[in-house]
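Chemist: To be precise about what I am sending: the file is called start-v4.cif and holds mmCIF, C-alpha atoms.
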data_my_file
loop_
_atom_site.label_atom_id
_atom_site.label_comp_id
_atom_site.auth_asym_id
_atom_site.auth_seq_id
_atom_site.Cartn_x
_atom_site.Cartn_y
_atom_site.Cartn_z
CA MET T 1 -30.25 -64.18 -175.69
CA LYS T 2 -32.61 -64.54 -172.71
CA LEU T 3 -33.52 -60.86 -173.00
CA LEU T 4 -34.30 -61.30 -176.73
CA ASN T 5 -36.50 -64.30 -175.94
CA VAL T 6 -38.40 -62.28 -173.35
CA ILE T 7 -38.85 -59.38 -175.77
CA SER T 8 -40.04 -61.75 -178.53
CA THR T 9 -42.50 -63.43 -176.17
CA VAL T 10 -43.90 -60.08 -175.04
CA ALA T 11 -44.19 -58.89 -178.67
CA ILE T 12 -46.05 -62.04 -179.76
CA ALA T 13 -48.33 -61.82 -176.75
CA SER T 14 -49.08 -58.17 -177.57
CA VAL T 15 -49.99 -59.05 -181.17
CA LEU T 16 -52.29 -61.84 -180.01
CA LEU T 17 -53.89 -59.53 -177.46
CA VAL T 18 -54.57 -56.90 -180.12
CA ALA T 19 -56.05 -59.56 -182.42
CA CYS T 20 -58.35 -60.78 -179.67
CA LYS T 21 -59.53 -57.24 -178.94
CA SER T 22 -59.96 -56.28 -182.62
CA THR T 23 -63.48 -55.54 -183.75
CA GLY T 24 -62.56 -55.38 -187.47
CA GLN T 25 -62.80 -51.59 -187.68
CA LYS T 26 -59.10 -51.12 -188.43
CA ALA T 27 -59.05 -53.74 -191.21
CA LEU T 28 -62.24 -52.20 -192.61
CA SER T 29 -60.64 -48.74 -192.79
CA LYS T 30 -57.74 -50.27 -194.78
CA GLY T 31 -60.08 -51.92 -197.28
CA ASP T 32 -59.29 -55.45 -196.07
CA TYR T 33 -62.92 -56.54 -195.99
CA TYR T 34 -62.20 -60.26 -195.61
CA THR T 35 -60.08 -59.77 -192.48
CA ALA T 36 -62.56 -57.22 -191.14
CA CYS T 37 -65.38 -59.77 -191.41
CA LEU T 38 -63.42 -62.51 -189.67
CA GLN T 39 -62.23 -60.24 -186.87
CA ALA T 40 -65.72 -58.88 -186.28
CA ILE T 41 -67.23 -62.40 -186.20
CA ASN T 42 -64.53 -63.57 -183.80
CA LYS T 43 -65.20 -60.61 -181.53
CA LEU T 44 -68.94 -61.27 -181.55
CA ARG T 45 -68.29 -64.85 -180.46
CA SER T 46 -66.65 -63.68 -177.25
CA SER T 47 -68.69 -60.49 -176.88
CA PRO T 48 -72.13 -60.87 -178.54
CA ASP T 49 -73.24 -57.35 -177.55
CA ASN T 50 -70.20 -55.57 -178.98
CA THR T 51 -71.69 -52.82 -181.13
CA LYS T 52 -68.41 -51.86 -182.81
CA ALA T 53 -67.91 -55.40 -184.07
CA ALA T 54 -71.52 -55.58 -185.23
CA ASP T 55 -71.17 -52.25 -187.10
CA ALA T 56 -67.88 -53.39 -188.68
CA LEU T 57 -69.46 -56.65 -189.86
CA ALA T 58 -72.56 -54.86 -191.21
CA GLN T 59 -70.32 -52.61 -193.32
CA ALA T 60 -67.58 -55.08 -194.25
CA TYR T 61 -69.68 -58.02 -195.50
CA PRO T 62 -71.53 -56.24 -198.36
CA LEU T 63 -68.28 -54.53 -199.30
CA ALA T 64 -66.56 -57.95 -199.41
CA VAL T 65 -69.33 -59.28 -201.68
CA ASP T 66 -69.03 -56.28 -203.97
CA TYR T 67 -65.22 -56.38 -203.98
CA THR T 68 -65.22 -60.08 -204.84
CA GLN T 69 -67.54 -59.61 -207.79
CA ARG T 70 -65.57 -56.65 -209.13
CA GLU T 71 -62.27 -58.52 -208.82
CA VAL T 72 -63.69 -61.60 -210.55
CA ASP T 73 -65.01 -59.46 -213.41
CA ARG T 74 -61.68 -57.66 -213.71
CA LEU T 75 -59.68 -60.89 -213.76
CA LEU T 76 -61.96 -62.55 -216.29
CA ALA T 77 -61.38 -59.55 -218.56
CA SER T 78 -57.57 -59.88 -218.16
CA PRO T 79 -56.49 -62.94 -220.19
CA SER T 80 -52.85 -61.84 -219.88
CA ASN T 81 -52.89 -62.70 -216.18
CA ASN T 82 -51.64 -66.28 -216.15
CA ASN T 83 -52.71 -66.83 -212.56
CA ARG T 84 -56.17 -65.28 -212.71
CA PHE T 85 -58.26 -68.40 -211.99
CA ARG T 86 -56.13 -69.25 -208.97
CA ILE T 87 -56.83 -65.74 -207.62
CA ILE T 88 -60.54 -66.14 -208.41
CA LEU T 89 -60.55 -69.49 -206.61
CA ASP T 90 -59.02 -67.87 -203.52
CA LEU T 91 -61.62 -65.09 -203.62
CA TYR T 92 -64.50 -67.57 -203.64
CA LEU T 93 -62.84 -69.66 -200.93
CA ASN T 94 -62.61 -66.55 -198.78
CA MET T 95 -66.28 -65.74 -199.25
CA ASN T 96 -67.32 -69.30 -198.44
CA ASN T 97 -65.17 -69.18 -195.32
CA ILE T 98 -66.92 -66.00 -194.19
CA ALA T 99 -70.30 -67.73 -194.71
CA VAL T 100 -69.16 -70.75 -192.66
CA GLN T 101 -67.88 -68.55 -189.83
CA LEU T 102 -71.11 -66.56 -189.83
CA SER T 103 -73.15 -69.75 -189.53
CA ARG T 104 -71.23 -70.64 -186.37
CA CYS T 105 -71.79 -67.33 -184.57
CA PRO T 106 -75.38 -66.54 -183.47
CA ALA T 107 -74.56 -62.89 -182.76
CA ALA T 108 -73.07 -62.48 -186.25
CA LEU T 109 -76.16 -64.11 -187.83
CA GLN T 110 -78.29 -61.36 -186.31
CA VAL T 111 -76.22 -58.86 -188.32
CA ILE T 112 -75.92 -60.91 -191.55
CA PRO T 113 -78.69 -63.51 -191.46
CA HIS T 114 -78.28 -64.71 -195.06
CA ALA T 115 -74.71 -65.02 -196.23
CA ASP T 116 -74.07 -66.20 -199.77
CA TYR T 117 -72.26 -69.46 -200.56
CA TYR T 118 -70.37 -69.62 -203.85
CA ASN T 119 -70.33 -73.37 -204.33
CA SER T 120 -71.14 -73.46 -208.03
CA GLN T 121 -68.71 -70.63 -208.81
CA LEU T 122 -66.14 -72.33 -206.61
CA GLU T 123 -66.40 -75.62 -208.50
CA SER T 124 -65.97 -73.88 -211.84
CA ALA T 125 -63.06 -71.79 -210.55
CA ARG T 126 -61.38 -74.88 -209.10
CA ASN T 127 -61.44 -76.65 -212.48
CA MET T 128 -60.24 -73.56 -214.31
CA ALA T 129 -57.48 -72.92 -211.76
CA ALA T 130 -56.27 -76.53 -211.97
CA GLU T 131 -56.14 -76.37 -215.77
CA GLU T 132 -54.47 -72.96 -215.64
CA SER T 133 -51.67 -74.19 -213.36
CA TYR T 134 -51.39 -77.40 -215.41
CA GLN T 135 -50.80 -75.44 -218.62
CA ILE T 136 -48.26 -73.17 -216.91
CA ALA T 137 -46.44 -76.27 -215.75
CA GLU T 138 -46.52 -77.79 -219.25
CA ASN T 139 -45.04 -74.61 -220.73
CA HIS T 140 -42.22 -74.63 -218.20
CA LEU T 141 -41.51 -78.31 -218.74
CA ARG T 142 -41.20 -77.84 -222.50
CA LEU T 143 -38.35 -75.36 -222.00
CA GLY T 144 -36.08 -78.28 -221.09
CA THR T 145 -33.94 -76.58 -218.43
CA ARG T 146 -33.50 -77.68 -214.83
CA GLN T 147 -34.75 -74.36 -213.46
CA ALA T 148 -37.83 -74.41 -215.71
CA ALA T 149 -38.50 -78.02 -214.70
CA ARG T 150 -38.36 -76.97 -211.05
CA GLU T 151 -40.95 -74.28 -211.74
CA ALA T 152 -43.04 -76.89 -213.54
CA TYR T 153 -42.77 -79.20 -210.53
CA LEU T 154 -44.06 -76.47 -208.21
CA GLN T 155 -46.95 -75.77 -210.57
CA TYR T 156 -47.87 -79.46 -210.79
CA GLN T 157 -47.86 -79.55 -206.99
CA GLN T 158 -50.28 -76.64 -207.01
CA VAL T 159 -52.50 -78.49 -209.48
CA ASN T 160 -52.53 -81.48 -207.17
CA SER T 161 -53.46 -79.31 -204.21
CA ILE T 162 -56.40 -77.82 -206.13
CA ILE T 163 -57.71 -81.11 -207.51
CA PRO T 164 -55.81 -84.20 -206.29
CA GLY T 165 -55.07 -86.61 -209.15
CA TYR T 166 -56.01 -84.10 -211.86
CA LYS T 167 -55.32 -85.61 -215.29
CA ASP T 168 -51.86 -87.25 -215.31
CA VAL T 169 -50.43 -84.92 -212.67
CA ALA T 170 -48.90 -87.79 -210.64
CA ASP T 171 -46.75 -88.84 -213.63
CA LYS T 172 -45.99 -85.23 -214.49
CA LEU T 173 -44.71 -84.58 -210.97
CA GLN T 174 -42.21 -87.41 -211.34
CA GLU T 175 -41.16 -86.30 -214.81
CA ALA T 176 -40.68 -82.67 -213.75
CA LYS T 177 -38.76 -83.61 -210.63
CA TRP T 178 -36.42 -85.87 -212.59
CA GLN T 179 -35.73 -83.11 -215.11
CA ALA T 180 -35.23 -80.60 -212.28
CA THR T 181 -32.81 -82.84 -210.40
CA LEU T 182 -29.08 -82.19 -210.59
CA LYS T 183 -27.59 -85.61 -211.22
CA VAL T 184 -24.14 -86.03 -209.70
CA VAL T 185 -21.86 -89.05 -210.07
CA LEU T 186 -19.35 -89.65 -207.30
CA GLU T 187 -16.47 -91.40 -209.02
CA GLN T 188 -14.57 -94.30 -207.49
CA ILE T 189 -11.82 -92.86 -205.31
CA PRO T 190 -8.23 -93.91 -206.12
CA VAL T 191 -5.40 -93.75 -203.58
CA GLU T 192 -2.10 -92.92 -205.24
CA GLY T 193 1.10 -94.12 -203.59
CA GLN T 194 3.08 -97.24 -202.84
CA TYR T 195 0.45 -98.90 -200.65
CA LYS T 196 -2.52 -100.99 -201.70
CA ILE T 197 -5.19 -99.08 -199.85
CA SER T 198 -8.97 -98.96 -200.30
CA ALA T 199 -10.95 -95.75 -199.96
CA ASP T 200 -14.33 -97.50 -200.25
CA PHE T 201 -15.22 -96.65 -196.65
CA PHE T 202 -14.56 -92.97 -197.38
CA GLN T 203 -16.73 -93.04 -200.50
CA THR T 204 -19.55 -94.62 -198.48
CA LYS T 205 -19.29 -91.83 -195.90
CA VAL T 206 -19.50 -89.17 -198.62
CA PHE T 207 -22.61 -90.87 -200.05
CA GLU T 208 -24.16 -90.93 -196.59
CA TYR T 209 -23.35 -87.24 -196.17
CA PHE T 210 -25.28 -86.36 -199.32
CA SER T 211 -28.33 -88.35 -198.20
CA THR T 212 -28.39 -87.01 -194.63
CA SER T 213 -26.95 -83.50 -194.79
CA ILE T 214 -27.55 -82.09 -198.31
CA ARG T 215 -31.26 -81.64 -197.76
CA ASN T 216 -32.17 -80.73 -201.31
CA GLU T 217 -34.72 -82.86 -203.11
CA PHE T 218 -33.35 -81.62 -206.44
CA ILE T 219 -29.85 -83.08 -205.97
CA ARG T 220 -29.18 -86.80 -206.37
CA VAL T 221 -25.86 -88.59 -206.18
CA PHE T 222 -25.07 -91.82 -208.03
CA SER T 223 -22.18 -94.23 -208.00
CA PRO T 224 -20.66 -94.93 -211.44
CA SER T 225 -22.33 -98.36 -211.55
CA GLU T 226 -25.74 -96.93 -210.58
CA ALA T 227 -25.49 -94.28 -213.27
CA GLU T 228 -24.50 -96.85 -215.88
CA ASN T 229 -27.17 -99.38 -214.94
CA SER T 230 -29.89 -96.71 -214.90
CA GLN T 231 -28.52 -95.05 -218.05
CA VAL T 232 -28.31 -91.74 -216.23
CA GLN T 233 -26.72 -88.85 -218.08
CA PRO T 234 -24.96 -86.98 -215.25
CA ASP T 235 -24.77 -83.23 -214.99
CA GLN T 236 -21.71 -83.22 -212.76
CA LEU T 237 -18.93 -85.47 -211.53
CA ILE T 238 -17.36 -85.36 -208.10
CA ARG T 239 -13.81 -86.56 -208.53
CA LEU T 240 -11.85 -87.30 -205.35
CA ARG T 241 -8.21 -88.42 -205.39
CA PHE T 242 -5.85 -89.13 -202.53
CA LEU T 243 -2.40 -87.96 -203.61
CA ASP T 244 0.94 -89.10 -202.21
CA PHE T 245 -0.25 -90.98 -199.16
CA THR T 246 2.90 -91.94 -197.28
CA VAL T 247 3.85 -93.64 -194.05
CA GLY T 248 7.08 -92.49 -192.38
CA GLN T 249 9.70 -94.45 -190.46
CA LEU T 250 8.99 -95.60 -186.93
CA ARG T 251 10.72 -93.17 -184.58
CA GLU T 252 11.80 -94.25 -181.12
CA SER T 253 12.89 -92.15 -178.20
CA LYS T 254 13.53 -92.52 -174.49
CA HIS T 255 13.87 -90.15 -171.60
CA THR T 256 15.04 -90.83 -168.05
CA ARG T 257 14.18 -88.66 -165.09
CA GLU T 258 14.16 -88.93 -161.34
CA VAL T 259 10.82 -89.13 -159.59
CA THR T 260 10.31 -88.71 -155.85
CA ARG T 261 7.54 -88.88 -153.33
CA ASP T 262 7.58 -87.41 -149.83
CA SER T 263 6.04 -88.59 -146.57
CA VAL T 264 6.33 -92.27 -147.42
CA ALA T 265 6.66 -94.77 -144.54
CA THR T 266 10.26 -95.97 -144.77
CA GLY T 267 10.65 -97.85 -141.48
CA THR T 268 10.08 -97.81 -137.69
CA TYR T 269 12.00 -97.01 -134.54
CA LYS T 270 11.52 -97.51 -130.80
CA ASP T 271 12.10 -94.88 -128.17
CA ALA T 272 13.68 -95.42 -124.77
CA LYS T 273 10.39 -96.60 -123.36
CA GLY T 274 10.08 -99.24 -126.06
CA GLU T 275 7.24 -97.50 -127.94
CA GLU T 276 7.41 -98.01 -131.71
CA TYR T 277 6.98 -95.15 -134.23
CA THR T 278 6.73 -95.06 -138.04
CA VAL T 279 9.50 -93.29 -139.87
CA TYR T 280 8.49 -91.17 -142.90
CA GLY T 281 10.85 -90.06 -145.61
CA THR T 282 11.37 -89.47 -149.31
CA VAL T 283 11.58 -92.32 -151.81
CA LYS T 284 13.19 -92.08 -155.24
CA ALA T 285 13.24 -93.93 -158.54
CA ALA T 286 14.77 -93.41 -161.96
CA LEU T 287 11.92 -93.58 -164.49
CA THR T 288 12.78 -94.24 -168.14
CA THR T 289 9.96 -93.53 -170.60
CA HIS T 290 10.12 -95.14 -174.04
CA SER T 291 8.05 -93.68 -176.93
CA VAL T 292 7.41 -94.60 -180.55
CA GLU T 293 5.73 -92.54 -183.25
CA LEU T 294 4.58 -93.40 -186.75
CA SER T 295 3.53 -90.51 -188.96
CA SER T 296 1.33 -90.74 -192.08
CA GLY T 297 0.07 -88.05 -194.41
CA GLY T 298 -1.20 -87.09 -197.83
CA ILE T 299 -3.54 -84.83 -199.78
CA LEU T 300 -7.14 -85.17 -200.93
CA GLU T 301 -7.90 -83.38 -204.18
CA ALA T 302 -11.62 -82.68 -204.64
CA SER T 303 -12.97 -81.55 -208.02
CA ILE T 304 -16.52 -80.80 -209.14
CA ILE T 305 -16.68 -81.18 -212.91
CA ASN T 306 -19.25 -80.26 -215.53
CA TYR T 307 -19.88 -83.56 -217.30
CA ALA T 308 -20.92 -82.15 -220.68
CA SER T 309 -17.93 -79.80 -221.11
CA ASN T 310 -15.46 -81.66 -218.88
CA THR T 311 -14.57 -78.36 -217.21
CA VAL T 312 -13.71 -77.95 -213.54
CA LEU T 313 -16.39 -75.97 -211.74
CA SER T 314 -14.65 -75.98 -208.35
CA GLN T 315 -11.52 -77.60 -206.99
CA GLN T 316 -9.70 -77.70 -203.68
CA ARG T 317 -6.92 -79.67 -202.01
CA PHE T 318 -7.00 -80.78 -198.39
CA PRO T 319 -3.71 -81.86 -196.78
CA GLY T 320 -3.75 -84.03 -193.69
CA THR T 321 -1.60 -86.01 -191.30
CA TYR T 322 -2.08 -88.64 -188.64
CA VAL T 323 0.51 -89.62 -186.06
CA TRP T 324 0.16 -92.93 -184.22
CA SER T 325 2.06 -93.10 -180.95
CA ASP T 326 2.61 -95.45 -178.04
CA SER T 327 4.69 -95.39 -174.87
CA TRP T 328 5.87 -97.62 -172.02
CA ALA T 329 8.35 -97.30 -169.18
CA SER T 330 10.81 -98.99 -166.84
CA PHE T 331 12.36 -97.90 -163.52
CA ASN T 332 15.14 -98.46 -161.03
CA GLY T 333 14.56 -97.66 -157.39
CA ASP T 334 11.57 -97.61 -155.10
CA GLU T 335 8.33 -98.20 -157.00
CA ARG T 336 6.47 -96.24 -154.32
CA ALA T 337 7.88 -93.09 -155.90
CA LEU T 338 5.81 -93.75 -159.02
CA SER T 339 2.29 -92.51 -159.70
CA SER T 340 -0.37 -95.04 -160.61
CA ARG T 341 -0.11 -93.99 -164.27
CA GLU T 342 3.67 -94.38 -164.29
CA LEU T 343 3.39 -97.74 -162.58
CA ASN T 344 0.92 -98.95 -165.21
CA MET T 345 3.30 -97.83 -167.96
CA CYS T 346 6.06 -99.87 -166.31
CA LYS T 347 3.91 -102.98 -166.41
CA ARG T 348 4.28 -102.92 -170.20
CA SER T 349 7.56 -104.26 -171.48
CA GLU T 350 7.15 -103.27 -175.15
CA PRO T 351 4.90 -101.18 -177.41
CA SER T 352 1.80 -102.36 -179.22
CA PRO T 353 2.38 -103.44 -182.83
CA SER T 354 2.30 -100.44 -185.17
CA PRO T 355 -0.93 -100.25 -187.21
CA PRO T 356 -0.91 -101.27 -190.88
CA PRO T 357 -1.10 -98.59 -193.61
CA GLN T 358 -4.85 -99.18 -194.15
CA GLU T 359 -5.63 -98.35 -190.52
CA LEU T 360 -3.37 -95.30 -190.61
CA PHE T 361 -5.15 -94.18 -193.77
CA VAL T 362 -8.56 -94.46 -192.12
CA GLN T 363 -7.43 -92.26 -189.22
CA PHE T 364 -5.73 -89.81 -191.60
CA THR T 365 -9.05 -89.21 -193.42
CA VAL T 366 -11.00 -88.17 -190.30
CA PRO T 367 -10.11 -84.44 -190.35
CA ILE T 368 -10.04 -84.41 -194.15
CA TYR T 369 -13.64 -85.67 -194.25
CA ALA T 370 -14.73 -82.66 -192.17
CA ASP T 371 -12.95 -80.29 -194.61
CA LEU T 372 -14.44 -82.04 -197.63
CA THR T 373 -18.02 -81.92 -196.35
CA ARG T 374 -17.69 -78.19 -195.69
CA PHE T 375 -16.50 -77.76 -199.28
CA ILE T 376 -19.44 -79.79 -200.62
CA GLN T 377 -21.95 -77.98 -198.40
CA SER T 378 -20.66 -74.59 -199.52
CA TYR T 379 -20.79 -75.47 -203.23
CA TYR T 380 -24.28 -76.99 -203.27
CA ARG T 381 -25.87 -74.54 -200.83
CA ASN T 382 -27.50 -72.47 -203.58
CA TYR T 383 -28.75 -75.32 -205.81
#
Would you give me this structure, written as C-alpha cells?
Modeler:
Amino acid sequence: MKLLNVISTVAIASVLLVACKSTGQKALSKGDYYTACLQAINKLRSSPDNTKAADALAQAYPLAVDYTQREVDRLLASPSNNNRFRIILDLYLNMNNIAVQLSRCPAALQVIPHADYYNSQLESARNMAAEESYQIAENHLRLGTRQAAREAYLQYQQVNSIIPGYKDVADKLQEAKWQATLKVVLEQIPVEGQYKISADFFQTKVFEYFSTSIRNEFIRVFSPSEAENSQVQPDQLIRLRFLDFTVGQLRESKHTREVTRDSVATGTYKDAKGEEYTVYGTVKAALTTHSVELSSGGILEASIINYASNTVLSQQRFPGTYVWSDSWASFNGDERALSSRELNMCKRSEPSPSPPPQELFVQFTVPIYADLTRFIQSYYRNY
C-alpha cells in the first residue's frame, strides 16, 4: 500500500510538472485550441520571453475564435440536438475565460492585444440554455416514472445553475425530487411468542440506519403513522417479524477442583543458634465453581414488498441466540491458594437475578441487527 501511495504521488507530481512546463504546442497539435491558449498564457506568466508559448498562443487564439463560430453555427442549424444551447453557452464561457486570462498576463497581451468578449452572445445563450434544460426537465417529468423524474430533477438543477431562480424552478425541483423518491414504509414490528415484548427500540434503530447509512437522497422511509398522516402512497413496504422468540430453562452446574500455590510462607523455625527463618511450602484449597446459563433465541424474517402488487421483492430469515450467564464460587482450605479472580468469585454467595425476557430480547437482536442492515444495504445499493 505504501509503495502504491509513493507511485501515485510520483505520477501526480509528474503530471503537474508537465503541465507547468507545457507551452500549449501539444494541445494545439491535437486541435484543443482552448487548452492550448490557457497553457500558453500560463507559461508566459512564469516565462514572459518563452517564444514557443508565444507562437502557440498566436496560432491557437484565432483558431479558437474560428472554431467557436463554426461550432455555434453548426449547433444552431441542428435543432435535433436537445443540448445545443448548453454547448453553445460553454463555448462562449470558454472564450470569455481566455479573454480574462489574457487581460491578466502582460506577456500574453503583447501577442493578442485585443481579445474578444462574448458578453451579449453569452447572455442570449444563457437564457436559451436555461429554457432548453427546463423543457427537457418538463418532458421527463410528464413521463410519470421515478427514473424519468430523477432525470428531470437533474435537469432542473442544471437550470438553476445556469440562471438561479429561473421561472418556478425551485418548486419544480421539489416536485421532481418527490416523484423520483422511492417511498418505503417500515411496518410496526410484531414479536410472536408467549412473551409480551416490544420491538420499538429495534424499529427506531432501523429508522436511524436509513437516515445515517443509506446515503441516497431518492429513498425515504416512513412509519405507518407518518405515511397515513401525510397521505403518502408507498412504493414498498419493509415487513419485519420476530418469529418464535423463546427463553429456555435456567441451567445450573458446579465443578470442584483442587487449586494449589507454591512458595507460600507457612510458618517459621529457629536454628540451634536461635535465629528464626521463614518456612515456605505449598497451600491447597478445594474450589467449587457454580454457574448458571439462560438461553434465548428466535428468528427475524425480513421482507421487502411491492406495495402496489403485494409481491415479495426480497426476503430473508436471520436466526439468532443470546446466552446470559453468571458464576460464583466457594472453597474449603487455605484461601492463599486462590487467585485474586477466584477469591472475588468466592465473595459472592449467589448469582445475580436472571434478566427478564425483554432484556434478553434486546441482547438477542444485536447480531441480528448487523445481518439485517447488510441485507438492506445490499438491496438498496443500486437505487
Chemist: Expanded to explicit residues, what is the PyMOL selection byres ((chain T and resi 71) around 12) for this file, as a PDB file with C-alpha atoms, keeping the file's coordinate frame?
Modeler:
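Final file, expr_39.pdb:
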ATOM      1  CA  LEU T  63     -68.280 -54.530-199.300  1.00  0.00           C
ATOM      2  CA  ALA T  64     -66.560 -57.950-199.410  1.00  0.00           C
ATOM      3  CA  VAL T  65     -69.330 -59.280-201.680  1.00  0.00           C
ATOM      4  CA  ASP T  66     -69.030 -56.280-203.970  1.00  0.00           C
ATOM      5  CA  TYR T  67     -65.220 -56.380-203.980  1.00  0.00           C
ATOM      6  CA  THR T  68     -65.220 -60.080-204.840  1.00  0.00           C
ATOM      7  CA  GLN T  69     -67.540 -59.610-207.790  1.00  0.00           C
ATOM      8  CA  ARG T  70     -65.570 -56.650-209.130  1.00  0.00           C
ATOM      9  CA  VAL T  72     -63.690 -61.600-210.550  1.00  0.00           C
ATOM     10  CA  ASP T  73     -65.010 -59.460-213.410  1.00  0.00           C
ATOM     11  CA  ARG T  74     -61.680 -57.660-213.710  1.00  0.00           C
ATOM     12  CA  LEU T  75     -59.680 -60.890-213.760  1.00  0.00           C
ATOM     13  CA  LEU T  76     -61.960 -62.550-216.290  1.00  0.00           C
ATOM     14  CA  ALA T  77     -61.380 -59.550-218.560  1.00  0.00           C
ATOM     15  CA  SER T  78     -57.570 -59.880-218.160  1.00  0.00           C
ATOM     16  CA  ARG T  84     -56.170 -65.280-212.710  1.00  0.00           C
ATOM     17  CA  PHE T  85     -58.260 -68.400-211.990  1.00  0.00           C
ATOM     18  CA  ILE T  87     -56.830 -65.740-207.620  1.00  0.00           C
ATOM     19  CA  ILE T  88     -60.540 -66.140-208.410  1.00  0.00           C
ATOM     20  CA  LEU T  89     -60.550 -69.490-206.610  1.00  0.00           C
ATOM     21  CA  ASP T  90     -59.020 -67.870-203.520  1.00  0.00           C
ATOM     22  CA  LEU T  91     -61.620 -65.090-203.620  1.00  0.00           C
ATOM     23  CA  TYR T  92     -64.500 -67.570-203.640  1.00  0.00           C
TER      24      TYR T  92
END
Chemist: Between T:Ala129, T:Ile136, T:Ile197, T:Cys37, which is the closest to T:Asn97 once you count only C-alpha atoms?
Modeler: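 Selected residue with least distance to T:Asn97: T:Cys37.
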Chemist: Mind giving me the straight-line distance from atom CA of T:Tyr307 to atom CA of T:Phe218 in Å, one decimal?
Modeler: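 According to the coordinates, atom CA of T:Tyr307 and atom CA of T:Phe218 are separated by 17.4 Å.
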Chemist: Just checking: using all atoms listed in the file, which residue out of T:Ala115, T:Thr311, T:Arg45, T:Lys167 ends up closest to T:Gln135?
Modeler: T:Lys167
Chemist: How many Å separate atom CA of T:Asp49 from atom CA of T:Pro113?
Modeler: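 Computing the Euclidean distance for atom CA of T:Asp49 and atom CA of T:Pro113 yields 16.2 Å.
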Chemist: Using all atoms listed in the file, determine which residues lie at most 12 Å from T:Asn216, disregarding the query and same-chain residues fewer than 2 positions distant; provide the list as a ChimeraX atom specification.
Modeler: /T:177,180-183,210-214,218-221,377,380-383
Chemist: List as an mmCIF file with C-alpha atoms, in the coordinates of the input the protein and nucleic acid residues near stretch 235-245 of chain T, meaning an atom at most 7 Å away when all atoms listed in the file are counted, but skip any in the same chain fewer than 5 places from it.
Modeler:
data_model
loop_
_atom_site.group_PDB
_atom_site.id
_atom_site.type_symbol
_atom_site.label_atom_id
_atom_site.label_comp_id
_atom_site.auth_asym_id
_atom_site.auth_seq_id
_atom_site.Cartn_x
_atom_site.Cartn_y
_atom_site.Cartn_z
ATOM 1 C CA LEU T 182 -29.080 -82.190 -210.590
ATOM 2 C CA LYS T 183 -27.590 -85.610 -211.220
ATOM 3 C CA VAL T 184 -24.140 -86.030 -209.700
ATOM 4 C CA VAL T 185 -21.860 -89.050 -210.070
ATOM 5 C CA LEU T 186 -19.350 -89.650 -207.300
ATOM 6 C CA GLU T 187 -16.470 -91.400 -209.020
ATOM 7 C CA ILE T 189 -11.820 -92.860 -205.310
ATOM 8 C CA PRO T 190 -8.230 -93.910 -206.120
ATOM 9 C CA VAL T 191 -5.400 -93.750 -203.580
ATOM 10 C CA GLU T 192 -2.100 -92.920 -205.240
ATOM 11 C CA GLY T 193 1.100 -94.120 -203.590
ATOM 12 C CA GLY T 297 0.070 -88.050 -194.410
ATOM 13 C CA GLY T 298 -1.200 -87.090 -197.830
ATOM 14 C CA ILE T 299 -3.540 -84.830 -199.780
ATOM 15 C CA LEU T 300 -7.140 -85.170 -200.930
ATOM 16 C CA GLU T 301 -7.900 -83.380 -204.180
ATOM 17 C CA ALA T 302 -11.620 -82.680 -204.640
ATOM 18 C CA SER T 303 -12.970 -81.550 -208.020
ATOM 19 C CA ILE T 304 -16.520 -80.800 -209.140
ATOM 20 C CA ILE T 305 -16.680 -81.180 -212.910
ATOM 21 C CA ASN T 306 -19.250 -80.260 -215.530
ATOM 22 C CA TYR T 307 -19.880 -83.560 -217.300
ATOM 23 C CA ALA T 308 -20.920 -82.150 -220.680
#
Chemist: Applied to this file, what does the PyMOL selection byres ((chain T and resi 255-270) around 12) return in terms of residues, put as a PyMOL selection string?
Modeler: chain T and resi 252-254+271-292+327-339+342-343
Chemist: Expressed in Å to a single decimal, how great is the separation between atom CA of T:Glu208 and atom CA of T:Pro357?
Modeler: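 Atom-to-atom, atom CA of T:Glu208 to atom CA of T:Pro357, that is 24.5 Å.
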Chemist: Go through T:Ser47, T:Leu102, T:Gly320, T:Leu93 one by one, measure the shortest atom-to-atom distance of each to T:Ala370 using all atoms listed in the file, and give the residue with the smallest value.
Modeler: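 Counting all atoms listed in the file, the residue closest to T:Ala370 is T:Gly320.
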